[in-house]
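Below is run.cif, holding mmCIF, C-alpha atoms.
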data_query
#
loop_
_atom_site.label_atom_id
_atom_site.label_comp_id
_atom_site.auth_asym_id
_atom_site.auth_seq_id
_atom_site.Cartn_x
_atom_site.Cartn_y
_atom_site.Cartn_z
CA MET H 880 5.95 21.53 -2.92
CA LYS H 881 4.29 18.65 -4.76
CA LYS H 882 0.66 17.70 -4.15
CA VAL H 883 0.19 15.59 -1.01
CA VAL H 884 -2.23 12.76 -1.77
CA PHE H 885 -2.91 12.10 1.91
CA ILE H 886 -1.35 12.48 5.35
CA GLY H 887 -1.73 9.63 7.82
CA ALA H 888 -2.57 5.97 7.29
CA GLY H 889 -3.67 4.57 3.97
CA VAL H 890 -4.86 0.98 4.06
CA ALA H 891 -3.53 -1.46 1.46
CA ILE H 892 -6.93 -3.09 1.49
CA VAL H 893 -7.38 -6.80 0.91
CA THR H 894 -9.55 -8.06 -1.92
CA PRO H 895 -12.18 -10.35 -0.37
CA PHE H 896 -13.11 -13.45 -2.34
CA ALA H 897 -16.31 -15.48 -2.22
CA ALA H 898 -16.32 -19.27 -1.82
CA ASP H 899 -16.25 -19.69 -5.61
CA GLY H 900 -13.14 -17.50 -5.88
CA SER H 901 -14.88 -14.45 -7.36
CA VAL H 902 -14.42 -10.94 -5.95
CA ASN H 903 -16.85 -10.37 -3.10
CA TYR H 904 -17.85 -6.77 -3.70
CA THR H 905 -20.42 -6.72 -0.91
CA LYS H 906 -17.74 -7.62 1.58
CA LEU H 907 -15.31 -5.11 0.03
CA GLY H 908 -17.88 -2.38 0.66
CA GLU H 909 -18.15 -3.44 4.29
CA LEU H 910 -14.37 -3.33 4.67
CA ILE H 911 -14.17 0.15 3.14
CA ASP H 912 -16.89 1.46 5.46
CA HIS H 913 -15.14 -0.05 8.50
CA GLN H 914 -11.87 1.61 7.48
CA ILE H 915 -13.37 5.05 6.97
CA GLU H 916 -15.42 4.86 10.18
CA ASN H 917 -12.19 4.17 12.06
CA GLY H 918 -10.24 7.07 10.63
CA THR H 919 -8.28 5.62 7.71
CA ASP H 920 -7.01 8.45 5.52
CA ALA H 921 -6.89 6.68 2.13
CA ILE H 922 -7.92 3.43 0.44
CA VAL H 923 -5.33 1.69 -1.74
CA ALA H 924 -7.17 -0.73 -4.03
CA SER H 925 -5.71 -3.46 -6.25
CA GLY H 926 -2.31 -3.29 -4.66
CA THR H 927 -0.04 -6.09 -3.48
CA THR H 928 -2.18 -6.76 -0.40
CA GLY H 929 -5.20 -6.69 -2.72
CA GLU H 930 -3.65 -9.57 -4.71
CA ALA H 931 -3.50 -7.52 -7.90
CA SER H 932 -1.13 -10.04 -9.46
CA THR H 933 -3.90 -12.68 -9.55
CA LEU H 934 -6.70 -10.33 -10.62
CA ASN H 935 -7.40 -10.20 -14.34
CA ASP H 936 -7.65 -6.72 -15.84
CA GLU H 937 -11.44 -6.59 -15.56
CA GLU H 938 -11.29 -7.51 -11.88
CA HIS H 939 -8.30 -5.24 -11.27
CA ILE H 940 -10.06 -2.15 -12.58
CA GLY H 941 -13.40 -3.35 -11.20
CA VAL H 942 -12.01 -3.31 -7.65
CA ILE H 943 -10.68 0.23 -8.14
CA GLU H 944 -13.95 1.42 -9.69
CA PHE H 945 -16.04 -0.12 -6.93
CA SER H 946 -13.78 1.42 -4.28
CA VAL H 947 -14.14 4.86 -5.88
CA LYS H 948 -17.93 4.63 -6.06
CA HIS H 949 -18.37 3.16 -2.60
CA THR H 950 -15.95 5.57 -0.95
CA ALA H 951 -17.86 8.41 -2.63
CA GLY H 952 -15.24 11.05 -1.93
CA ARG H 953 -14.94 10.38 1.80
CA VAL H 954 -11.21 9.68 1.46
CA PRO H 955 -8.87 9.45 -1.56
CA VAL H 956 -8.78 6.17 -3.48
CA ILE H 957 -5.39 5.16 -4.85
CA GLY H 958 -5.37 2.53 -7.58
CA GLY H 959 -2.51 0.09 -7.95
CA THR H 960 -1.45 0.11 -11.60
CA GLY H 961 2.11 -1.25 -11.59
CA SER H 962 3.32 -3.89 -14.02
CA ASN H 963 6.57 -5.36 -15.33
CA ASP H 964 5.32 -4.40 -18.81
CA THR H 965 5.39 -0.63 -19.32
CA ARG H 966 2.57 -0.74 -21.87
CA HIS H 967 0.40 -2.68 -19.44
CA ALA H 968 1.15 -0.21 -16.63
CA VAL H 969 0.12 2.64 -18.95
CA LYS H 970 -3.10 0.82 -19.82
CA LEU H 971 -3.98 0.15 -16.17
CA THR H 972 -3.14 3.74 -15.23
CA ARG H 973 -5.42 5.16 -17.92
CA GLU H 974 -8.20 2.81 -16.82
CA ALA H 975 -7.77 3.79 -13.17
CA ALA H 976 -8.07 7.44 -14.19
CA ARG H 977 -11.16 6.65 -16.25
CA VAL H 978 -12.96 5.09 -13.29
CA GLY H 979 -12.16 8.01 -11.01
CA ALA H 980 -9.11 7.10 -8.92
CA ASP H 981 -7.57 10.05 -7.09
CA ALA H 982 -4.00 8.80 -7.53
CA ILE H 983 -2.08 5.73 -8.64
CA LEU H 984 0.45 3.48 -6.94
CA CYS H 985 2.99 2.01 -9.35
CA VAL H 986 5.34 -0.77 -8.24
CA THR H 987 8.74 -1.21 -9.86
CA PRO H 988 8.94 -3.78 -12.68
CA TYR H 989 9.49 -7.30 -11.33
CA TYR H 990 10.97 -10.54 -12.69
CA ASN H 991 12.42 -9.00 -15.87
CA LYS H 992 13.42 -5.99 -13.69
CA THR H 993 15.46 -3.25 -15.39
CA SER H 994 18.38 -0.86 -14.90
CA GLN H 995 18.07 2.42 -13.02
CA ASN H 996 17.94 4.18 -16.39
CA GLY H 997 15.18 1.79 -17.41
CA LEU H 998 13.29 2.66 -14.24
CA ILE H 999 13.48 6.35 -15.09
CA ARG H 1000 12.18 5.76 -18.60
CA HIS H 1001 9.48 3.37 -17.38
CA TYR H 1002 8.12 5.68 -14.71
CA ASN H 1003 8.28 8.78 -16.86
CA MET H 1004 6.33 7.01 -19.58
CA VAL H 1005 3.62 5.96 -17.13
CA ALA H 1006 3.52 9.44 -15.57
CA ASP H 1007 3.23 11.02 -19.02
CA SER H 1008 0.11 8.94 -19.69
CA THR H 1009 -1.99 10.52 -16.93
CA ASP H 1010 -2.78 13.70 -15.06
CA LEU H 1011 -3.14 11.76 -11.80
CA PRO H 1012 -0.53 12.08 -9.08
CA MET H 1013 1.70 9.00 -8.99
CA ILE H 1014 3.10 7.27 -5.92
CA LEU H 1015 6.08 5.07 -6.73
CA TYR H 1016 6.39 1.74 -4.89
CA ASN H 1017 9.79 0.38 -3.96
CA VAL H 1018 9.69 -3.15 -2.50
CA PRO H 1019 12.91 -4.99 -3.35
CA ALA H 1020 11.95 -8.11 -1.37
CA ARG H 1021 9.17 -8.77 -3.88
CA THR H 1022 10.53 -7.31 -7.09
CA GLY H 1023 14.27 -7.99 -6.87
CA MET H 1024 15.26 -4.40 -7.56
CA ASN H 1025 15.70 -1.17 -5.64
CA ILE H 1026 15.12 2.49 -6.51
CA THR H 1027 18.28 4.40 -5.55
CA PRO H 1028 18.20 7.91 -4.06
CA ALA H 1029 19.78 9.28 -7.25
CA THR H 1030 17.02 7.72 -9.33
CA TYR H 1031 14.40 9.18 -7.00
CA ALA H 1032 15.99 12.58 -7.51
CA GLU H 1033 15.66 12.25 -11.28
CA LEU H 1034 12.09 10.93 -11.10
CA SER H 1035 11.01 13.70 -8.72
CA LYS H 1036 11.51 16.18 -11.57
CA HIS H 1037 8.32 14.88 -13.22
CA PRO H 1038 5.35 16.97 -12.07
CA ASN H 1039 3.05 13.95 -11.73
CA ILE H 1040 5.47 11.86 -9.64
CA VAL H 1041 4.69 13.14 -6.16
CA ALA H 1042 5.60 10.42 -3.65
CA THR H 1043 6.98 6.98 -2.98
CA LYS H 1044 5.88 4.05 -0.87
CA GLU H 1045 9.27 3.04 0.45
CA ALA H 1046 9.60 -0.56 1.60
CA ASN H 1047 13.33 -1.19 1.30
CA GLY H 1048 13.81 -0.93 5.06
CA ASP H 1049 16.95 1.16 4.66
CA ILE H 1050 16.76 4.27 6.82
CA ALA H 1051 20.01 5.68 5.41
CA SER H 1052 18.59 5.43 1.90
CA VAL H 1053 15.42 7.24 3.00
CA ALA H 1054 17.52 10.00 4.56
CA MET H 1055 19.53 10.41 1.35
CA THR H 1056 16.33 10.48 -0.73
CA ARG H 1057 14.96 13.24 1.49
CA ASP H 1058 18.22 15.16 1.11
CA LEU H 1059 18.21 14.89 -2.69
CA CYS H 1060 14.48 15.38 -3.31
CA GLY H 1061 13.23 17.59 -0.48
CA ASP H 1062 9.53 18.38 -0.88
CA GLN H 1063 9.53 17.28 -4.51
CA LEU H 1064 8.97 13.68 -3.40
CA HIS H 1065 6.89 12.79 -0.35
CA ILE H 1066 7.63 9.55 1.47
CA TYR H 1067 5.21 6.99 2.86
CA SER H 1068 6.46 4.03 4.83
CA GLY H 1069 5.71 0.80 3.00
CA ASN H 1070 6.44 -1.29 6.10
CA ASP H 1071 4.35 -1.27 9.27
CA ASP H 1072 7.47 -1.71 11.40
CA PHE H 1073 9.03 1.40 9.85
CA ILE H 1074 6.33 4.04 10.42
CA VAL H 1075 8.04 6.10 13.14
CA PRO H 1076 11.49 5.95 11.52
CA ALA H 1077 9.96 7.24 8.28
CA LEU H 1078 8.09 10.00 10.13
CA SER H 1079 11.33 11.05 11.82
CA LEU H 1080 12.75 11.80 8.36
CA GLY H 1081 9.76 13.82 7.23
CA GLY H 1082 7.51 11.01 6.02
CA LYS H 1083 3.83 11.75 5.46
CA GLY H 1084 2.49 8.45 6.80
CA VAL H 1085 2.14 4.81 5.85
CA ILE H 1086 0.47 2.58 3.29
CA SER H 1087 -0.33 -0.21 5.67
CA VAL H 1088 -1.21 -3.88 5.92
CA MET H 1089 -1.85 -3.63 9.67
CA SER H 1090 -4.55 -1.03 9.00
CA ASN H 1091 -6.74 -3.84 7.70
CA ILE H 1092 -7.19 -5.04 11.27
CA LEU H 1093 -6.20 -1.98 13.35
CA PRO H 1094 -7.16 1.11 11.32
CA LYS H 1095 -7.56 3.51 14.22
CA GLN H 1096 -4.42 2.40 16.02
CA THR H 1097 -2.31 2.62 12.86
CA ARG H 1098 -3.57 6.10 12.16
CA ASP H 1099 -2.96 7.08 15.80
CA ILE H 1100 0.77 6.37 15.45
CA ILE H 1101 0.95 9.13 12.83
CA ALA H 1102 -1.58 11.47 14.45
CA LEU H 1103 0.32 11.41 17.75
CA TRP H 1104 3.58 12.13 15.94
CA ASN H 1105 2.03 15.08 14.10
CA GLU H 1106 0.72 16.42 17.42
CA GLY H 1107 4.26 16.44 18.76
CA LYS H 1108 3.61 13.45 21.06
CA ILE H 1109 6.74 11.64 19.94
CA GLU H 1110 7.06 9.24 22.86
CA GLU H 1111 3.41 8.19 22.65
CA SER H 1112 3.72 7.61 18.91
CA ALA H 1113 6.84 5.50 19.37
CA ALA H 1114 5.18 3.55 22.18
CA LEU H 1115 2.33 2.57 19.87
CA GLN H 1116 4.76 1.54 17.15
CA ILE H 1117 6.57 -0.65 19.67
CA LYS H 1118 3.34 -2.06 21.13
CA TYR H 1119 2.33 -3.58 17.79
CA MET H 1120 5.72 -4.88 16.65
CA SER H 1121 4.92 -8.47 17.68
CA LEU H 1122 1.65 -8.36 15.72
CA ILE H 1123 3.42 -6.87 12.70
CA LYS H 1124 5.94 -9.69 12.82
CA LEU H 1125 3.09 -12.22 12.69
CA LEU H 1126 1.43 -10.41 9.77
CA PHE H 1127 4.61 -10.92 7.75
CA ALA H 1128 5.57 -14.38 9.04
CA ASP H 1129 4.20 -15.82 5.79
CA VAL H 1130 3.70 -14.28 2.36
CA SER H 1131 1.34 -11.30 2.67
CA PRO H 1132 -1.64 -11.09 2.48
CA ALA H 1133 -2.18 -14.65 3.73
CA PRO H 1134 -1.62 -13.78 7.43
CA VAL H 1135 -3.75 -10.62 7.41
CA LYS H 1136 -6.59 -12.47 5.67
CA GLU H 1137 -6.36 -15.17 8.33
CA ALA H 1138 -6.56 -12.47 11.01
CA LEU H 1139 -9.54 -10.79 9.35
CA ASN H 1140 -11.35 -14.11 9.14
CA PHE H 1141 -10.76 -14.64 12.88
CA MET H 1142 -12.37 -11.21 13.37
CA GLY H 1143 -15.47 -12.38 11.51
CA LYS H 1144 -14.81 -10.32 8.38
CA ASP H 1145 -15.13 -13.37 6.07
CA VAL H 1146 -12.69 -12.18 3.42
CA GLY H 1147 -12.05 -15.66 2.06
CA GLN H 1148 -8.73 -17.21 1.15
CA CYS H 1149 -5.91 -16.00 -1.08
CA ARG H 1150 -5.81 -17.00 -4.72
CA MET H 1151 -3.25 -19.56 -5.74
CA PRO H 1152 -0.31 -19.80 -5.75
CA LEU H 1153 -0.70 -18.25 -2.26
CA THR H 1154 -2.09 -20.72 0.26
CA GLY H 1155 -3.34 -20.58 3.82
CA VAL H 1156 -0.90 -20.09 6.69
CA SER H 1157 0.48 -22.95 8.76
CA ASP H 1158 -1.44 -24.28 11.75
CA ASP H 1159 1.23 -22.83 14.05
CA LEU H 1160 0.98 -19.32 12.59
CA SER H 1161 -2.81 -19.55 12.53
CA ALA H 1162 -2.86 -20.33 16.25
CA LYS H 1163 -0.51 -17.43 16.99
CA LEU H 1164 -2.63 -15.03 14.95
CA LYS H 1165 -5.79 -16.19 16.69
CA THR H 1166 -4.19 -15.59 20.09
CA ALA H 1167 -3.02 -12.13 19.03
CA ILE H 1168 -6.45 -11.16 17.69
CA GLU H 1169 -8.16 -12.39 20.86
CA LYS H 1170 -5.81 -10.22 22.95
CA LEU H 1171 -6.72 -7.20 20.83
#

What do you get writing this file as structure tokens?
Amino acid sequence: MKKVVFIGAGVAIVTPFAADGSVNYTKLGELIDHQIENGTDAIVASGTTGEASTLNDEEHIGVIEFSVKHTAGRVPVIGGTGSNDTRHAVKLTREAARVGADAILCVTPYYNKTSQNGLIRHYNMVADSTDLPMILYNVPARTGMNITPATYAELSKHPNIVATKEANGDIASVAMTRDLCGDQLHIYSGNDDFIVPALSLGGKGVISVMSNILPKQTRDIIALWNEGKIEESAALQIKYMSLIKLLFADVSPAPVKEALNFMGKDVGQCRMPLTGVSDDLSAKLKTAIEKL
């Protein structure tokens, strides 16, 4: 069996920005503490929800390094190091290792994309550049490409490729991946509305947007499942489906940042080209947060 980076709920943590647009590290520290105090099992820094695509390299690695130092070993820190340029992904991966990340999360190449054979070569090259465990990240809605079960099977042969964050929303594909890879590739749900379905096929947990605002409740969905309380776990998943829909009613992380600001977390706005949510969605999020 491959190394398990974590079991439970890992938060795809937002990157808070100050009024001048710079990274607000003080606020990031507060967010990390809040997550750990409420049971989050891992911190994913400089990922999609952390707006990695609009962080320059210094900020990108700076957010990972700060997260490592502030977390201080309380939970694993996973650094996002994916890129559509293999050389850049290798560079970010080596830097994440240098600053002490426990694992890396590597999204598929986007825009230029690649073939399935190109994916295998890309990921193997990144995995060869580090001793850290690698979690693949499959999110076709953002990248325009999908990792097939057969490609997962080939990638799972690399000793450093231990898991995937699966966000293709295709339960049949997840089942086939489990069949082909077994314990050589662990699966985390990459969608908050897909946690229980992923667990039902042997998933280890979730890398979550919802955890930013409901860390304990997100973790409880998985903890209840692992305790054999299947109906209670499913009931929690169902309870938060309306909220999850709101969190993805505009391009993430704009809605979750809006929700955090309503909660008094003062995480600032998204960097352009992402903008604030509509007045209608803002009102719906405010109502949902007040109910919680």

12 Å contact set for H:Thr1022, all atoms listed in the file, chain neighbours under 6 positions out, as a list in words: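 Contacts, with the query itself left out: Thr927, Gly961, Ser962, Asn963, Val986, Thr987, Pro988, Tyr989, Tyr990, Asn991, Lys992, Thr993, Tyr1016, Ala1046 and Asn1047 of chain H.
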
Nearby residues, (-9.1, 12.4, 6.0) file frame, 12 Å, only C-alpha atoms, as a ChimeraX atom specification: /H:884-889,914-922,950,952-956,1098,1102

For the file shown, what are the residues hit by the PyMOL selection byres ((chain H and resi 1126) around 10), laid out as a count of residues only? 23

Quick one: of H:Thr972, H:Asn1105, H:Thr1097, H:Ser901, who's nearest to H:Gly1082, counting all atoms listed in the file?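 For H:Gly1082, the nearest of the candidates is H:Asn1105.
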
Determine the residue set returned by the PyMOL selection byres ((chain H and resi 1034) around 12) for the present structure, and present it as an MDAnalysis selection string. chainID H and resid 995:1007 1013:1015 1026:1033 1035:1043 1056 1059:1060 1063:1064

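Coordinates place atom CA of H:Met880 at a distance of 5.2 Å from atom CA of H:Asp1062.
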
Dump as a list in words all residues having an atom at most 10 Å from (-12.3, -15.8, 5.2), computed in the file's coordinates with all atoms listed in the file. Pro895, Phe896, Ala897, Ala898, Lys1136, Glu1137, Ala1138, Leu1139, Asn1140, Phe1141, Met1142, Gly1143, Lys1144, Asp1145, Val1146, Gly1147, Gln1148 and Cys1149 of chain H

Pairwise distance, atom CA of H:Ile1074 with atom CA of H:Ala931, equals 23.8 Å

Please provide as an mmCIF file with C-alpha atoms, in the frame of the given file all residues within 8 Å of H:Asp1099, with the sequence filter that same-chain residues fewer than 4 positions apart are discarded (counting only C-alpha atoms).
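And here's part-v7.cif as it stands now:
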data_model
loop_
_atom_site.group_PDB
_atom_site.id
_atom_site.type_symbol
_atom_site.label_atom_id
_atom_site.label_comp_id
_atom_site.auth_asym_id
_atom_site.auth_seq_id
_atom_site.Cartn_x
_atom_site.Cartn_y
_atom_site.Cartn_z
ATOM 1 C CA LYS H 1095 -7.560 3.510 14.220
ATOM 2 C CA LEU H 1103 0.320 11.410 17.750
ATOM 3 C CA SER H 1112 3.720 7.610 18.910
#

Which residue is closest to H:Ala951? Choose from H:Asp1010, H:Asp981, H:Glu938, H:Glu930 and count only C-alpha atoms.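 For H:Ala951, the nearest of the given residues is H:Asp981.
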
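With distances taken over all atoms listed in the file, H:Val902 is the one residue among H:Ile1066, H:Val902, H:Ala1113, H:Ser994 lying closest to H:Gly929.
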
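Shortest atom-to-atom contact with H:Gln1096 among H:Val893, H:Ile1117, H:Cys985, H:Leu1080: H:Ile1117, counting all atoms listed in the file.
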
Taken to one decimal, the atom CA of H:Ile892-atom CA of H:Asp1072 distance is 17.5 Å

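For the choices H:Pro1019, H:Gly1107, H:Gly1048, H:Gly926, the atom-to-atom distance to H:Phe1073 is smallest for H:Gly1048 when using all atoms listed in the file.
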
Residue with smallest distance to H:Ile1092 - pool H:Ala968, H:Val1053, H:Ile943, H:Leu910, counting all atoms listed in the file: H:Leu910

Please evaluate the PyMOL selection byres ((chain H and resi 975) around 8) against the structure above and give the resulting residues as a list in words.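 Applying the PyMOL selection byres ((chain H and resi 975) around 8) to the structure shown produces Ile940, Ile943, Glu944, Gly958, Thr960, Leu971, Thr972, Arg973, Glu974, Ala976, Arg977, Val978, Gly979, Ala980 and Ile983 of chain H.
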
Just want the 8 Å neighbourhood of H:Phe945, counted on only C-alpha atoms, with same-chain residues fewer than 4 positions away dropped. Output as a ChimeraX atom specification. /H:904,941,949

Go ahead and save the residues from that selection, with C-alpha atoms, as a PDB file, in the frame of the given file.
ATOM      1  CA  TYR H 904     -17.850  -6.770  -3.700  1.00  0.00           C
ATOM      2  CA  GLY H 941     -13.400  -3.350 -11.200  1.00  0.00           C
ATOM      3  CA  HIS H 949     -18.370   3.160  -2.600  1.00  0.00           C
TER       4      HIS H 949
END
